[in-house]
>>> print(open('protein.cif').read())   # mmCIF, C-alpha atoms
data_entry
loop_
_atom_site.label_atom_id
_atom_site.label_comp_id
_atom_site.auth_asym_id
_atom_site.auth_seq_id
_atom_site.Cartn_x
_atom_site.Cartn_y
_atom_site.Cartn_z
CA MET A 108 12.68 3.31 0.20
CA THR A 109 13.24 6.35 1.86
CA VAL A 110 15.18 5.23 4.87
CA GLY A 111 18.85 5.48 4.04
CA ALA A 112 18.17 7.56 0.97
CA THR A 113 20.94 9.35 -0.81
CA ASP A 114 21.21 12.56 -2.77
CA ASP A 115 21.38 10.93 -6.17
CA ALA A 116 17.66 11.36 -6.83
CA PRO A 117 17.78 11.65 -10.64
CA SER A 118 19.82 8.45 -11.05
CA ARG A 119 17.35 6.52 -8.87
CA ARG A 120 14.23 7.88 -10.52
CA GLY A 121 14.43 5.35 -13.35
CA PRO A 122 13.91 2.25 -11.19
CA ALA A 123 11.14 4.02 -9.25
CA LEU A 124 9.37 4.94 -12.48
CA ALA A 125 9.79 1.40 -13.77
CA THR A 126 8.30 0.08 -10.53
CA TYR A 127 5.33 2.40 -10.91
CA ALA A 128 4.86 1.29 -14.53
CA VAL A 129 4.86 -2.38 -13.49
CA LEU A 130 2.36 -1.70 -10.69
CA ALA A 131 0.10 0.21 -13.10
CA ALA A 132 0.32 -2.64 -15.60
CA LEU A 133 -0.56 -5.19 -12.92
CA THR A 134 -3.53 -3.04 -11.85
CA ALA A 135 -4.71 -2.86 -15.47
CA ALA A 136 -4.31 -6.65 -15.68
CA GLU A 137 -6.43 -7.02 -12.54
CA VAL A 138 -9.21 -4.92 -14.05
CA ALA A 139 -9.01 -6.97 -17.26
CA VAL A 140 -9.18 -10.27 -15.35
CA ALA A 141 -12.14 -9.04 -13.28
CA GLY A 142 -14.01 -8.15 -16.48
CA ALA A 143 -13.08 -11.32 -18.35
CA GLY A 144 -15.39 -14.28 -18.72
CA GLY A 145 -14.82 -17.68 -17.18
CA ALA A 146 -15.43 -19.30 -13.84
CA ALA A 147 -15.39 -17.03 -10.80
CA ARG A 148 -12.99 -19.40 -9.06
CA ASP A 149 -10.37 -19.08 -11.82
CA ARG A 150 -10.66 -15.31 -11.88
CA THR A 151 -10.34 -15.14 -8.09
CA THR A 152 -7.20 -17.29 -8.21
CA ALA A 153 -5.67 -15.11 -10.91
CA LEU A 154 -6.59 -11.96 -8.96
CA ALA A 155 -5.00 -13.36 -5.81
CA GLY A 156 -1.79 -14.02 -7.74
CA LEU A 157 -1.78 -10.50 -9.18
CA LEU A 158 -2.45 -9.06 -5.71
CA LEU A 159 0.49 -10.97 -4.23
CA ALA A 160 2.74 -9.77 -7.02
CA LYS A 161 1.66 -6.15 -6.47
CA ALA A 162 2.04 -6.34 -2.69
CA GLY A 163 5.46 -7.95 -3.05
CA ILE A 164 6.65 -5.24 -5.46
CA LEU A 165 5.31 -2.48 -3.21
CA LEU A 166 7.03 -3.98 -0.15
CA ALA A 167 10.26 -4.43 -2.08
CA PHE A 168 9.97 -0.80 -3.21
CA SER A 169 9.52 0.27 0.40
CA LEU A 170 12.61 -1.64 1.54
CA ARG A 171 14.93 -0.83 -1.31
CA GLY A 172 16.77 2.02 0.41
CA SER A 173 19.77 0.27 1.90
CA PRO A 174 20.71 -2.68 -0.30
CA ARG A 175 24.11 -2.94 1.37
CA ARG A 176 22.65 -3.57 4.82
CA PRO A 177 21.95 -7.26 5.49
CA GLY A 178 18.60 -6.75 7.26
CA PRO A 179 16.65 -5.17 4.39
CA ARG A 180 18.42 -7.44 1.90
CA LEU A 181 17.31 -10.58 3.75
CA ALA A 182 13.77 -9.25 4.17
CA LEU A 183 13.72 -8.49 0.44
CA LEU A 184 14.94 -11.98 -0.42
CA ALA A 185 12.28 -13.57 1.80
CA LEU A 186 9.60 -11.43 0.15
CA VAL A 187 10.72 -12.27 -3.36
CA VAL A 188 10.89 -16.00 -2.64
CA ALA A 189 7.51 -16.10 -0.85
CA VAL A 190 5.70 -14.03 -3.46
CA GLY A 191 7.39 -15.93 -6.28
CA PHE A 192 6.26 -19.28 -4.87
CA ALA A 193 2.73 -18.01 -4.33
CA VAL A 194 2.42 -16.56 -7.82
CA VAL A 195 3.75 -19.74 -9.45
CA LEU A 196 1.25 -21.84 -7.46
CA MET A 197 -1.58 -19.49 -8.47
CA LEU A 198 -0.60 -19.66 -12.14
CA GLU A 199 -0.41 -23.43 -11.95
CA ALA A 200 -3.88 -23.55 -10.41
CA VAL A 201 -5.25 -21.37 -13.20
CA TYR A 202 -3.51 -23.59 -15.80
CA ARG A 203 -4.91 -26.78 -14.28
CA ALA A 204 -8.38 -25.26 -14.09
CA GLY A 205 -8.05 -24.36 -17.77
CA LEU A 206 -7.22 -27.97 -18.69
CA ARG A 207 -10.37 -29.30 -17.05
CA MET B 279 38.38 -4.02 31.91
CA ASP B 280 38.63 -3.25 28.20
CA SER B 281 36.42 -0.22 27.69
CA THR B 282 35.88 -1.04 23.99
CA LEU B 283 33.95 -4.18 24.96
CA THR B 284 31.73 -2.49 27.51
CA PRO B 285 28.49 -1.13 26.07
CA THR B 286 27.64 2.37 27.22
CA ALA B 287 24.44 4.41 27.11
CA SER B 288 25.74 6.37 24.15
CA ASP B 289 26.28 3.10 22.22
CA ALA B 290 22.54 2.54 22.25
CA LEU B 291 22.02 5.91 20.59
CA THR B 292 24.48 5.36 17.77
CA THR B 293 25.08 2.76 15.08
CA PRO B 294 28.39 0.84 14.99
CA ASP B 295 29.78 3.38 12.51
CA GLY B 296 29.01 6.26 14.88
CA GLN B 297 25.90 7.59 13.14
CA PRO B 298 22.87 8.49 15.29
CA ARG B 299 20.17 5.82 15.27
CA ARG B 300 17.00 6.65 13.34
CA TRP B 301 14.49 6.43 16.12
CA GLY B 302 11.78 8.07 14.07
CA ALA B 303 11.96 5.35 11.43
CA ILE B 304 12.10 2.59 14.03
CA GLY B 305 9.07 4.05 15.81
CA MET B 306 7.20 4.30 12.53
CA TRP B 307 7.97 0.67 11.65
CA ILE B 308 6.59 -0.40 15.06
CA PHE B 309 3.49 1.72 14.53
CA LEU B 310 2.99 0.30 11.03
CA ALA B 311 3.33 -3.25 12.35
CA THR B 312 0.54 -2.64 14.86
CA ASP B 313 -1.56 -0.80 12.29
CA ALA B 314 -1.14 -3.70 9.87
CA MET B 315 -2.73 -5.91 12.53
CA GLY B 316 -5.74 -3.59 12.53
CA PHE B 317 -6.11 -3.92 8.78
CA GLY B 318 -5.44 -7.65 9.05
CA GLY B 319 -8.28 -8.06 11.55
CA LEU B 320 -10.67 -6.23 9.27
CA PHE B 321 -9.63 -8.35 6.26
CA ILE B 322 -10.11 -11.56 8.23
CA ALA B 323 -13.55 -10.39 9.36
CA TYR B 324 -14.44 -9.45 5.78
CA GLY B 325 -13.29 -12.81 4.41
CA PHE B 326 -15.13 -14.72 7.12
CA LEU B 327 -18.39 -12.80 6.68
CA ARG B 328 -18.25 -13.04 2.88
CA ALA B 329 -17.47 -16.76 2.89
CA ARG B 330 -20.27 -17.49 5.36
CA ALA B 331 -22.89 -15.31 3.68
CA ALA B 332 -25.62 -17.14 1.79
CA THR B 333 -25.44 -14.58 -1.03
CA TRP B 334 -23.01 -11.83 -1.84
CA PRO B 335 -23.66 -9.26 -4.56
CA ASP B 336 -21.28 -9.01 -7.49
CA PRO B 337 -19.08 -5.94 -6.92
CA ARG B 338 -19.66 -4.70 -10.47
CA ALA B 339 -23.39 -4.50 -9.80
CA HIS B 340 -22.85 -1.66 -7.33
CA LEU B 341 -19.31 -0.33 -7.35
CA GLY B 342 -17.68 1.92 -9.94
CA LEU B 343 -14.77 -0.22 -11.10
CA LEU B 344 -13.21 2.30 -13.49
CA GLY B 345 -13.34 5.10 -10.91
CA ALA B 346 -11.71 2.85 -8.31
CA ALA B 347 -9.06 1.84 -10.85
CA ALA B 348 -8.31 5.52 -11.51
CA MET B 349 -8.07 6.12 -7.74
CA THR B 350 -5.68 3.17 -7.52
CA PHE B 351 -3.46 4.54 -10.30
CA GLY B 352 -3.39 7.90 -8.48
CA LEU B 353 -2.48 6.35 -5.15
CA LEU B 354 0.27 4.27 -6.77
CA ALA B 355 1.61 7.43 -8.40
CA SER B 356 1.61 9.13 -4.98
CA ALA B 357 3.90 6.36 -3.66
CA PHE B 358 6.34 7.39 -6.37
CA THR B 359 6.04 11.13 -5.65
CA VAL B 360 6.43 10.72 -1.88
CA GLY B 361 9.51 8.56 -2.50
CA GLU B 362 10.97 11.36 -4.64
CA ALA B 363 10.12 13.88 -1.89
CA ALA B 364 12.05 11.78 0.62
CA ARG B 365 15.06 11.61 -1.68
CA ALA B 366 15.01 15.23 -2.83
CA ALA B 367 18.16 17.05 -1.80
CA SER B 368 16.80 20.61 -1.98
CA PRO B 369 13.87 21.90 0.13
CA ARG B 370 12.28 23.37 -3.03
CA ALA B 371 12.24 20.03 -4.85
CA ARG B 372 11.01 18.30 -1.69
CA ALA B 373 8.13 20.76 -1.40
CA GLY B 374 7.21 20.18 -5.05
CA TRP B 375 7.05 16.42 -4.69
CA LEU B 376 5.13 16.73 -1.40
CA ALA B 377 2.61 19.03 -3.09
CA ALA B 378 2.18 16.49 -5.89
CA THR B 379 1.58 13.76 -3.29
CA LEU B 380 -0.92 15.98 -1.51
CA LEU B 381 -2.85 16.56 -4.74
CA LEU B 382 -2.93 12.85 -5.58
CA GLY B 383 -4.00 11.93 -2.04
CA ALA B 384 -6.73 14.59 -2.03
CA ALA B 385 -7.96 13.33 -5.41
CA PHE B 386 -8.12 9.80 -3.99
CA LEU B 387 -10.10 10.93 -0.97
CA GLY B 388 -12.38 13.01 -3.19
CA GLY B 389 -12.99 9.95 -5.36
CA GLU B 390 -13.88 7.93 -2.29
CA VAL B 391 -16.35 10.55 -1.07
CA ALA B 392 -17.91 10.71 -4.55
CA GLU B 393 -18.23 6.90 -4.56
CA TYR B 394 -19.97 6.99 -1.16
CA ALA B 395 -22.38 9.67 -2.39
CA ARG B 396 -23.15 7.67 -5.54
CA LEU B 397 -23.73 4.43 -3.60
CA TRP B 398 -25.90 6.22 -1.06
CA THR B 399 -28.17 7.77 -3.66
CA ALA B 400 -28.25 4.92 -6.21
CA ALA B 401 -31.51 3.28 -7.26
CA THR B 402 -30.54 0.28 -5.12
CA PRO B 403 -28.47 2.03 -2.45
CA VAL B 404 -25.69 0.32 -0.52
CA ARG B 405 -26.46 1.02 3.13
CA LEU B 406 -24.45 0.59 6.31
CA GLY B 407 -27.23 -1.57 7.70
CA ASP B 408 -26.69 -4.60 5.47
CA LEU B 409 -23.65 -6.87 5.69
CA TYR B 410 -22.26 -6.02 2.27
CA GLY B 411 -22.53 -2.28 2.85
CA ALA B 412 -21.16 -2.50 6.39
CA THR B 413 -18.02 -4.37 5.35
CA PHE B 414 -17.50 -2.05 2.36
CA TYR B 415 -17.88 1.19 4.33
CA VAL B 416 -15.84 -0.01 7.31
CA LEU B 417 -12.89 -1.21 5.25
CA THR B 418 -12.78 1.71 2.83
CA GLY B 419 -13.61 4.17 5.62
CA TYR B 420 -10.81 2.87 7.84
CA HIS B 421 -8.41 3.24 4.94
CA GLY B 422 -9.86 6.66 4.09
CA LEU B 423 -9.12 7.83 7.64
CA HIS B 424 -5.51 6.79 7.13
CA VAL B 425 -5.39 8.76 3.88
CA ALA B 426 -6.90 11.79 5.65
CA ALA B 427 -4.26 11.51 8.41
CA GLY B 428 -1.61 11.31 5.71
CA LEU B 429 -2.98 14.45 4.07
CA ILE B 430 -2.77 16.29 7.41
CA TRP B 431 0.86 15.20 7.70
CA LEU B 432 1.55 16.34 4.12
CA VAL B 433 0.05 19.78 4.81
CA SER B 434 2.07 20.12 8.03
CA ALA B 435 5.24 18.95 6.24
CA LEU B 436 4.68 21.54 3.52
CA TRP B 437 3.73 24.27 5.98
CA GLY B 438 6.58 23.62 8.39
CA ARG B 439 9.20 22.86 5.71
CA SER B 440 10.01 19.52 7.33
CA PRO B 441 13.59 18.29 7.08
CA ARG B 442 14.37 15.34 4.88
CA ARG B 443 14.53 12.84 7.74
CA SER B 444 10.99 13.70 8.83
CA VAL B 445 9.78 13.34 5.27
CA GLU B 446 11.48 9.95 5.03
CA VAL B 447 9.59 8.74 8.09
CA GLY B 448 6.29 10.17 6.81
CA ALA B 449 6.90 8.56 3.44
CA LEU B 450 7.02 5.17 5.16
CA TYR B 451 3.51 5.81 6.46
CA TRP B 452 2.22 6.95 3.08
CA GLN B 453 3.61 3.91 1.30
CA PHE B 454 1.97 1.69 3.91
CA VAL B 455 -1.36 3.41 3.18
CA ASP B 456 -0.72 2.67 -0.49
CA LEU B 457 0.04 -0.96 0.30
CA ALA B 458 -3.11 -1.31 2.43
CA TRP B 459 -5.28 -0.15 -0.47
CA THR B 460 -4.01 -2.92 -2.77
CA PRO B 461 -5.95 -5.80 -1.13
CA ILE B 462 -8.98 -3.55 -0.54
CA PHE B 463 -9.19 -2.85 -4.26
CA THR B 464 -8.81 -6.53 -5.12
CA PHE B 465 -11.19 -7.99 -2.54
CA LEU B 466 -13.92 -5.35 -2.55
CA TYR B 467 -13.92 -4.24 -6.16
CA LEU B 468 -12.58 -7.14 -8.25
CA VAL B 469 -13.16 -10.57 -6.72
CA PRO B 470 -16.40 -11.81 -8.34
CA ALA B 471 -19.35 -13.31 -6.53
CA ARG B 472 -19.49 -17.09 -6.35
#
>>> encode(input="protein.cif", output="structure tokens")
Amino acid sequence: MTVGATDDAPSRRGPALATYAVLAALTAAEVAVAGAGGAARDRTTALAGLLLAKAGILLAFSLRGSPRRPGPRLALLALVVAVGFAVVLMLEAVYRAGLR
Amino acid sequence: MDSTLTPTASDALTTPDGQPRRWGAIGMWIFLATDAMGFGGLFIAYGFLRARAATWPDPRAHLGLLGAAAMTFGLLASAFTVGEAARAASPRARAGWLAATLLLGAAFLGGEVAEYARLWTAATPVRLGDLYGATFYVLTGYHGLHVAAGLIWLVSALWGRSPRRSVEVGALYWQFVDLAWTPIFTFLYLVPAR
């Protein structure tokens, strides 16, 4: 994010706007899932997956300032892998619940 | 002894490339780590109480989902504006982005106060005395206090024309407040009753 920021604000505004758009879309998806029919357990699982995705994106957004430094890059990698695993497991759970 | 291998007091104050260390940012990260534990404790308590409760009302029966969604969009937008404020090269641009963040944060807090007023005066009011109301008010209130503290910082940053480094450190705090709201919105407003 902000730590290690540079002066090239306009050139970095695009990714920040794209991040905001993705977060807004995920929030809209959350609201849609909460209002959808189906078992409460399935909706809760889907909401947990969406929450993890949002939290992961927000954390990645907060750490994105110094991609050349190994510390933030490693933290970012760990976040992406952990959130990715969790979201895949959530989606699989929703899929399996749908098959039943 | 080779002096290049001997650490000195000034080494602790500078990075290997000779730049001064960013103690403000380091201090803020330590503060945020401890603050995250506070939120974590509240979330654990909420999850425990909700899982153990015999009944738990459906959030949509009481809470205004669309209003909370609008507040969430506003808070997410404020993470973008505060990030731009931290990156802005000119003081004028920085002040503009900080003012936008201040407006979005104030709108969020206003929305929260309006939600409290609506819940308090509803036909079936949500009170602090029952478990559902207590967990709702404590979690959202704790977060609301963080937003209010952030607004005070934003006003002082605007008033005192804070330098970019100070804004960068403050932006860390604001983005943490944004992050903390994400699970509150999901757990309190969206997760359906069993």
>>> closest_residue(input="protein.cif", among="A:Leu157, A:Val195, A:Ile164, A:Ala123", to="Val140 (chain A)", atoms="all atoms listed in the file")
A:Leu157
>>> closest_atom_pairs(input="protein.cif", of="region 443-466 of chain B", to="region 418-432 of chain B", cutoff="8 Å", atoms="all atoms listed in the file", output="Markdown table")
| residue | atom | partner | partner_atom | distance |
| --- | --- | --- | --- | --- |
| B:Gly448 | CA | B:Trp431 | CA | 7.5 |
| B:Tyr451 | CA | B:Gly428 | CA | 7.6 |
| B:Trp452 | CA | B:Gly428 | CA | 6.4 |
| B:Val455 | CA | B:His424 | CA | 6.7 |
| B:Ala458 | CA | B:His421 | CA | 7.4 |
| B:Trp459 | CA | B:His421 | CA | 7.1 |
| B:Ile462 | CA | B:Thr418 | CA | 7.3 |
>>> atom_distance(input="protein.cif", atom1="CA of Ala200 (chain A)", atom2="CA of Met315 (chain B)")
29.0 Å
>>> atom_distance(input="protein.cif", atom1="CA of Gly156 (chain A)", atom2="CA of Val194 (chain A)")
4.9 Å
>>> residues_around(input="protein.cif", residues="Phe321 (chain B)", least_positions_apart="3", cutoff="9 Å", atoms="all atoms listed in the file", output="JSON, numbers by chain")
{"B": [316, 317, 318, 324, 325, 326, 417, 461, 462, 465]}
>>> interface_residues(input="protein.cif", of="chain B", to="chain A", cutoff="9 Å", atoms="all atoms listed in the file", output="NGL selection string")
:B and (300 or 303 or 338 or 343-344 or 347 or 350-351 or 354-355 or 357-358 or 360-367 or 443 or 445-447 or 449-450 or 453-454 or 456-458 or 460-461 or 464-465 or 467-472)
>>> atom_distance(input="protein.cif", atom1="CA of Phe414 (chain B)", atom2="CA of Phe309 (chain B)")
24.6 Å
>>> residues_around(input="protein.cif", residues="Leu436 (chain B)", least_positions_apart="4", cutoff="9 Å", atoms="all atoms listed in the file", output="ChimeraX atom specification")
/B:372-373,376-377,431-432,440
>>> write_last_selection(input="protein.cif", atoms="C-alpha atoms", output="short mmCIF file (atom, residue, chain, number, x, y, z; two decimals), keeping the file's coordinate frame")
data_model
loop_
_atom_site.label_atom_id
_atom_site.label_comp_id
_atom_site.auth_asym_id
_atom_site.auth_seq_id
_atom_site.Cartn_x
_atom_site.Cartn_y
_atom_site.Cartn_z
CA ARG B 372 11.01 18.30 -1.69
CA ALA B 373 8.13 20.76 -1.40
CA LEU B 376 5.13 16.73 -1.40
CA ALA B 377 2.61 19.03 -3.09
CA TRP B 431 0.86 15.20 7.70
CA LEU B 432 1.55 16.34 4.12
CA SER B 440 10.01 19.52 7.33
#
>>> closest_residue(input="protein.cif", among="A:Ala160, A:Arg203, A:Ala136, A:Ala167", to="Gly191 (chain A)", atoms="only C-alpha atoms")
A:Ala160
>>> decode(input="protein.cif", residues="region 396-408 of chain B", atoms="all heavy atoms", output="mmCIF file, in the first residue's frame")
data_model
loop_
_atom_site.group_PDB
_atom_site.id
_atom_site.type_symbol
_atom_site.label_atom_id
_atom_site.label_comp_id
_atom_site.auth_asym_id
_atom_site.auth_seq_id
_atom_site.Cartn_x
_atom_site.Cartn_y
_atom_site.Cartn_z
ATOM 1 N N ARG B 396 -32.734 3.271 14.162
ATOM 2 C CA ARG B 396 -33.842 2.500 13.583
ATOM 3 C C ARG B 396 -34.093 1.229 14.400
ATOM 4 O O ARG B 396 -35.240 0.884 14.690
ATOM 5 C CB ARG B 396 -33.498 2.139 12.131
ATOM 6 C CG ARG B 396 -34.655 1.599 11.321
ATOM 7 C CD ARG B 396 -34.206 1.182 9.942
ATOM 8 N NE ARG B 396 -33.245 0.102 9.958
ATOM 9 C CZ ARG B 396 -33.530 -1.163 10.216
ATOM 10 N NH1 ARG B 396 -34.779 -1.513 10.467
ATOM 11 N NH2 ARG B 396 -32.596 -2.101 10.224
ATOM 12 N N LEU B 397 -33.004 0.538 14.776
ATOM 13 C CA LEU B 397 -33.156 -0.704 15.549
ATOM 14 C C LEU B 397 -33.748 -0.427 16.927
ATOM 15 O O LEU B 397 -34.515 -1.218 17.467
ATOM 16 C CB LEU B 397 -31.790 -1.392 15.700
ATOM 17 C CG LEU B 397 -31.184 -1.987 14.449
ATOM 18 C CD1 LEU B 397 -29.775 -2.495 14.721
ATOM 19 C CD2 LEU B 397 -32.050 -3.120 13.929
ATOM 20 N N TRP B 398 -33.372 0.717 17.485
ATOM 21 C CA TRP B 398 -33.796 1.056 18.844
ATOM 22 C C TRP B 398 -35.273 1.400 18.894
ATOM 23 O O TRP B 398 -35.936 1.150 19.907
ATOM 24 C CB TRP B 398 -32.944 2.232 19.341
ATOM 25 C CG TRP B 398 -32.808 2.300 20.813
ATOM 26 C CD1 TRP B 398 -33.443 3.177 21.640
ATOM 27 C CD2 TRP B 398 -32.009 1.472 21.655
ATOM 28 N NE1 TRP B 398 -33.079 2.945 22.939
ATOM 29 C CE2 TRP B 398 -32.197 1.899 22.982
ATOM 30 C CE3 TRP B 398 -31.143 0.400 21.413
ATOM 31 C CZ2 TRP B 398 -31.555 1.304 24.057
ATOM 32 C CZ3 TRP B 398 -30.508 -0.186 22.484
ATOM 33 C CH2 TRP B 398 -30.714 0.256 23.782
ATOM 34 N N THR B 399 -35.778 1.964 17.783
ATOM 35 C CA THR B 399 -37.168 2.424 17.784
ATOM 36 C C THR B 399 -38.088 1.534 16.950
ATOM 37 O O THR B 399 -39.230 1.891 16.702
ATOM 38 C CB THR B 399 -37.248 3.862 17.235
ATOM 39 O OG1 THR B 399 -36.652 3.887 15.935
ATOM 40 C CG2 THR B 399 -36.527 4.849 18.133
ATOM 41 N N ALA B 400 -37.573 0.387 16.492
ATOM 42 C CA ALA B 400 -38.387 -0.509 15.651
ATOM 43 C C ALA B 400 -39.524 -1.111 16.476
ATOM 44 O O ALA B 400 -39.525 -1.052 17.709
ATOM 45 C CB ALA B 400 -37.504 -1.611 15.082
ATOM 46 N N ALA B 401 -40.489 -1.703 15.756
ATOM 47 C CA ALA B 401 -41.634 -2.326 16.434
ATOM 48 C C ALA B 401 -41.153 -3.438 17.371
ATOM 49 O O ALA B 401 -41.662 -3.593 18.481
ATOM 50 C CB ALA B 401 -42.596 -2.869 15.385
ATOM 51 N N THR B 402 -40.179 -4.232 16.886
ATOM 52 C CA THR B 402 -39.527 -5.216 17.768
ATOM 53 C C THR B 402 -38.069 -4.766 17.909
ATOM 54 O O THR B 402 -37.204 -5.168 17.130
ATOM 55 C CB THR B 402 -39.582 -6.633 17.169
ATOM 56 O OG1 THR B 402 -39.130 -6.565 15.807
ATOM 57 C CG2 THR B 402 -40.970 -7.200 17.222
ATOM 58 N N PRO B 403 -37.816 -3.909 18.893
ATOM 59 C CA PRO B 403 -36.478 -3.294 18.990
ATOM 60 C C PRO B 403 -35.379 -4.300 19.330
ATOM 61 O O PRO B 403 -35.636 -5.320 19.980
ATOM 62 C CB PRO B 403 -36.650 -2.264 20.108
ATOM 63 C CG PRO B 403 -37.813 -2.715 20.886
ATOM 64 C CD PRO B 403 -38.705 -3.465 19.969
ATOM 65 N N VAL B 404 -34.193 -4.002 18.853
ATOM 66 C CA VAL B 404 -33.017 -4.806 19.205
ATOM 67 C C VAL B 404 -32.322 -4.075 20.348
ATOM 68 O O VAL B 404 -31.791 -2.980 20.167
ATOM 69 C CB VAL B 404 -32.068 -4.950 17.992
ATOM 70 C CG1 VAL B 404 -30.817 -5.722 18.379
ATOM 71 C CG2 VAL B 404 -32.777 -5.642 16.839
ATOM 72 N N ARG B 405 -32.346 -4.695 21.524
ATOM 73 C CA ARG B 405 -31.828 -4.040 22.728
ATOM 74 C C ARG B 405 -30.465 -4.611 23.123
ATOM 75 O O ARG B 405 -30.129 -5.743 22.758
ATOM 76 C CB ARG B 405 -32.797 -4.242 23.895
ATOM 77 C CG ARG B 405 -34.175 -3.657 23.657
ATOM 78 C CD ARG B 405 -34.157 -2.169 23.885
ATOM 79 N NE ARG B 405 -35.512 -1.629 23.904
ATOM 80 C CZ ARG B 405 -35.804 -0.387 23.566
ATOM 81 N NH1 ARG B 405 -34.853 0.446 23.185
ATOM 82 N NH2 ARG B 405 -37.045 0.059 23.616
ATOM 83 N N LEU B 406 -29.748 -3.824 23.900
ATOM 84 C CA LEU B 406 -28.448 -4.278 24.413
ATOM 85 C C LEU B 406 -28.603 -5.437 25.393
ATOM 86 O O LEU B 406 -27.685 -6.213 25.598
ATOM 87 C CB LEU B 406 -27.759 -3.118 25.127
ATOM 88 C CG LEU B 406 -26.586 -2.430 24.414
ATOM 89 C CD1 LEU B 406 -26.111 -1.244 25.226
ATOM 90 C CD2 LEU B 406 -25.445 -3.389 24.165
ATOM 91 N N GLY B 407 -29.786 -5.540 25.986
ATOM 92 C CA GLY B 407 -29.986 -6.519 27.047
ATOM 93 C C GLY B 407 -30.027 -7.957 26.567
ATOM 94 O O GLY B 407 -29.691 -8.868 27.317
ATOM 95 N N ASP B 408 -30.468 -8.194 25.311
ATOM 96 C CA ASP B 408 -30.502 -9.589 24.858
ATOM 97 C C ASP B 408 -29.207 -9.940 24.127
ATOM 98 O O ASP B 408 -28.460 -9.054 23.688
ATOM 99 C CB ASP B 408 -31.732 -9.850 23.974
ATOM 100 C CG ASP B 408 -31.734 -9.030 22.718
ATOM 101 O OD1 ASP B 408 -31.046 -9.408 21.755
ATOM 102 O OD2 ASP B 408 -32.420 -7.982 22.707
#
